[in-house]
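Engineer: Quick one: this structure, given as structure tokens, is what I'll be asking you about.
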Amino acid sequence: MRQRVPTVVAVASGGATLLGYFVGPGFRVHLLFVRWAAALAAAAFVLGVVNLLVVHGRRIVSQERDWPYSTALLFSFVVVIAVAAAEHQGPSGAGVTWVFRFVLAPLEAATASLLAVFLVSAAFRAMRKRPSLPTSVFVGTIILVLLAALPLPGEVAQVAGDVRCWLVHVFSAAGARGMLLGVALGTIAAGIRVLVGIDQPHSERDL
Amino acid sequence: MATLILGAFAVLSMLALILFLAQRIKEGHQVHVRRIQALDNLPYVVGGAVETGKRIHVSLGTGALTDSTTATTLAGLAALDHVGKQACSAGAPPLVTAADPLVMAAAQDSLRQACAHSDLLHEFDSAQVEMVAPQPTIYALGASTHMRPEETAVNVMIGSFGPEALLLAHPAAQSGITQIAGTDDPQAMAMLFAVSDAPLIGEEVYAVPAYLSRKPALLASLQAQDAVRFGVVALILVAALLRTLGVSLF
């Protein structure tokens, strides 16, 4: 019973929501379920915040390594909440927008710019640790594409550009499309499994 | 209207195929599942980590349970079921990080059940599952603080990631932490291929629930995916051939 009730509720509401996309505009139950789901997802953020406070609070209390970072995190959290509360405009207030625009966004952008360096370093480590044909092709492709981006002289630049274009538009695009096909089929199959109750992420499972 | 009918037909056909194949498997038909190195290694690396007394970190990625990343997130949760069960039975529950509060709640439930399965419910601590941050880059940076070789032995990354996955996986690789990783994003896949000891390539990530649990219905779903994929590939090839010959279908 403990297993069946959540499964029946999930299958019924999932089935009704799916049905809503295939029948006429007279059937509106799915819109209600979608609204409930959005409200639940928003409420779940409160759980997330409580988890964040507990995890970092414990780190500070027990003086774990890096506890000063946890203090900085909780301090920033309180400041941003206080600014939002003082403005009465939620996340669209001028103060909160300023924090996002001039603190969070530049930090994220700066960190993301390290990705190219990390990738090259990781590729060479992979070549040392796991030398194989796929790894060699991977590293070779990275080198070719990076070389083609350099300001090479005359004819060489033309040839390198063509090779890069060929690699990106033929092999890379074909591979990515193949993967996306697999992703789409995987998504459909997982959705159906949950809809018919084969997969029960919402119930007590037989682990 | 035609698109809706086609969509409904696709969903119903897939459902019928899964149910048909599940019935065949229950009747005793053997299923051949291609070996996946990363998933074969999983019990050994988890066992090795437990023996060293170091932590196992499971990252469920930046996906959610309410959008197009649900399937990948469910694959991560299936891996967590497996890893959690093995690690909890040895009294060493894994550390789990997530970027979405609903995924966090599902992971806490999975870990609680894994501990209960081993009669070690007292070992369960909901703070073993951390919601780091909803922003992908911040999540990856926050989770990377756990990648210290003296604390963590294994990093399992199965879920939805973008290229920022490298911000988490690279420090782990530098520290010599064993990594098993799989995701749905082609760019992130390339990044993880470079740093993982055993990467899950392409849609192998969707085979995780079936491969680890070997339940008939999940194996049937895997078979159905493969069958439909072969059908779609055949259609693409036929369409390309016809187009080359100058025959236009649409």
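Here, A, B, ... name the chains of the structure tokens in the order displayed, residue numbers run from 1 inside each chain, and ligands are numbered from 1 in the same displayed order.
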Using only C-alpha atoms, which chain B residues lie at most 8 Å away from chain A, written as a PyMOL selection string?
Structural biologist: chain B and resi 4-5+8+11+14-15+66+68-72+74+81-82+85+100-102+104+106+113-114+117+127+130-132+137-138+163-164+166-167+170+173+184+186+191+194-195+197+202-203+206+217-218+221+225+228-229
Engineer: Next, dump the selected residues to file, keeping only C-alpha atoms, as a compact mmCIF listing (two decimals), in the first residue's frame.
Structural biologist:
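That gives us part-v3.txt:
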# COMPACT_ATOMS: atom_id res chain seq x y z
CA LEU B 4 0.56 15.66 -32.31
CA ILE B 5 -0.71 12.44 -33.88
CA ALA B 8 1.14 10.16 -29.68
CA VAL B 11 4.86 7.32 -27.38
CA MET B 14 7.49 2.79 -27.59
CA LEU B 15 5.20 1.81 -24.68
CA THR B 66 10.85 18.66 -13.83
CA SER B 68 14.17 17.73 -20.20
CA THR B 69 17.10 16.65 -18.01
CA THR B 70 14.88 14.33 -15.93
CA ALA B 71 15.97 11.12 -17.70
CA THR B 72 19.66 11.84 -17.11
CA LEU B 74 17.09 9.55 -12.97
CA ASP B 81 20.88 3.64 -5.40
CA HIS B 82 23.61 1.16 -6.35
CA LYS B 85 23.58 0.40 -1.12
CA ASP B 100 18.36 21.19 -7.59
CA PRO B 101 16.37 20.94 -4.34
CA LEU B 102 14.00 18.25 -5.68
CA MET B 104 18.49 16.72 -3.34
CA ALA B 106 15.23 12.36 -4.02
CA GLN B 113 16.62 3.62 1.82
CA ALA B 114 20.14 2.34 1.16
CA HIS B 117 18.38 -1.79 3.49
CA ALA B 127 23.40 16.49 5.45
CA GLU B 130 24.27 18.74 -0.17
CA MET B 131 22.46 21.16 -2.41
CA VAL B 132 25.44 23.25 -3.45
CA THR B 137 29.34 27.02 -12.59
CA ILE B 138 28.88 27.75 -8.89
CA PRO B 163 30.98 22.17 -20.03
CA GLU B 164 31.40 23.45 -16.44
CA LEU B 166 35.38 20.15 -16.06
CA LEU B 167 35.63 22.58 -13.13
CA HIS B 170 39.68 18.48 -13.42
CA ALA B 173 41.80 14.15 -11.91
CA ASP B 184 23.84 13.86 -21.89
CA PRO B 186 27.98 16.40 -26.16
CA MET B 191 35.34 17.27 -21.30
CA ALA B 194 39.43 13.61 -21.07
CA VAL B 195 39.40 13.42 -17.27
CA ASP B 197 39.11 6.89 -15.75
CA GLY B 202 26.85 8.88 -25.42
CA GLU B 203 23.60 7.28 -24.45
CA TYR B 206 20.64 5.85 -20.03
CA ALA B 217 11.25 -4.02 -17.37
CA LEU B 218 14.36 -1.81 -17.40
CA SER B 221 13.30 -0.39 -22.04
CA GLN B 225 15.67 2.18 -27.19
CA VAL B 228 14.04 2.27 -32.23
CA ARG B 229 17.53 3.74 -32.70
Engineer: If you count only C-alpha atoms, which residues fall within 10 Å of Pro136 (chain B), apart from same-chain ones fewer than 2 positions away, as a list in words?
Structural biologist: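 Here the qualifying residues turn out to be Glu108 of chain A; Gly61, Thr62, Gly63, Ala99, Val132, Ala133, Pro134, Ile138, Tyr139, Ala140, Leu141, Gly142, Ser160, Phe161, Gly162, Pro163, Glu164 and Ala165 of chain B.
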Engineer: Would you list, as a PyMOL selection string, the residues of region 59-195 of chain B that end up in helix (DSSP H, G or I) under DSSP run on this structure's backbone?
Structural biologist: chain B and resi 70-89+101-117+121-123+126-128+136-144+165-174+186-195
Engineer: Residues at most 12 Å from Glu150 (chain B), counting only C-alpha atoms, excluding those fewer than 5 positions away in the same chain, as a PyMOL selection string?
Structural biologist: chain B and resi 49+52-56+172+175-177
Engineer: Would you mind exporting N, CA and C atoms of the selected residues as a short mmCIF file (atom, residue, chain, number, x, y, z; two decimals), in the first residue's frame?
Structural biologist:
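Dumped to result-v4.cif:
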data_model
loop_
_atom_site.label_atom_id
_atom_site.label_comp_id
_atom_site.auth_asym_id
_atom_site.auth_seq_id
_atom_site.Cartn_x
_atom_site.Cartn_y
_atom_site.Cartn_z
N ALA B 49 37.33 2.12 -2.39
CA ALA B 49 37.23 3.36 -1.60
C ALA B 49 36.84 3.05 -0.17
N THR B 52 39.78 1.79 1.79
CA THR B 52 40.78 2.79 2.17
C THR B 52 40.25 3.74 3.26
N GLY B 53 38.96 3.66 3.52
CA GLY B 53 38.37 4.54 4.55
C GLY B 53 38.13 5.94 4.03
N LYS B 54 38.32 6.13 2.73
CA LYS B 54 38.07 7.46 2.17
C LYS B 54 36.63 7.55 1.66
N ARG B 55 36.27 8.77 1.30
CA ARG B 55 34.89 9.06 0.94
C ARG B 55 34.61 8.76 -0.54
N ILE B 56 33.35 8.49 -0.82
CA ILE B 56 32.89 8.38 -2.22
C ILE B 56 32.01 9.60 -2.45
N ALA B 172 39.65 16.86 -9.49
CA ALA B 172 39.63 15.47 -9.04
C ALA B 172 40.70 14.65 -9.79
N SER B 175 44.09 15.39 -8.54
CA SER B 175 44.36 14.80 -7.23
C SER B 175 44.47 13.28 -7.27
N GLY B 176 44.30 12.70 -8.46
CA GLY B 176 44.40 11.25 -8.60
C GLY B 176 43.18 10.51 -8.11
N ILE B 177 42.05 11.19 -8.01
CA ILE B 177 40.80 10.55 -7.58
C ILE B 177 40.20 9.78 -8.76
#
Engineer: Using CA of Pro209 (chain B) and CA of Ala87 (chain B) as the two end points, give the distance in Å to one decimal.
Structural biologist: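 Result for CA of Pro209 (chain B) versus CA of Ala87 (chain B): 17.6 Å, one decimal.
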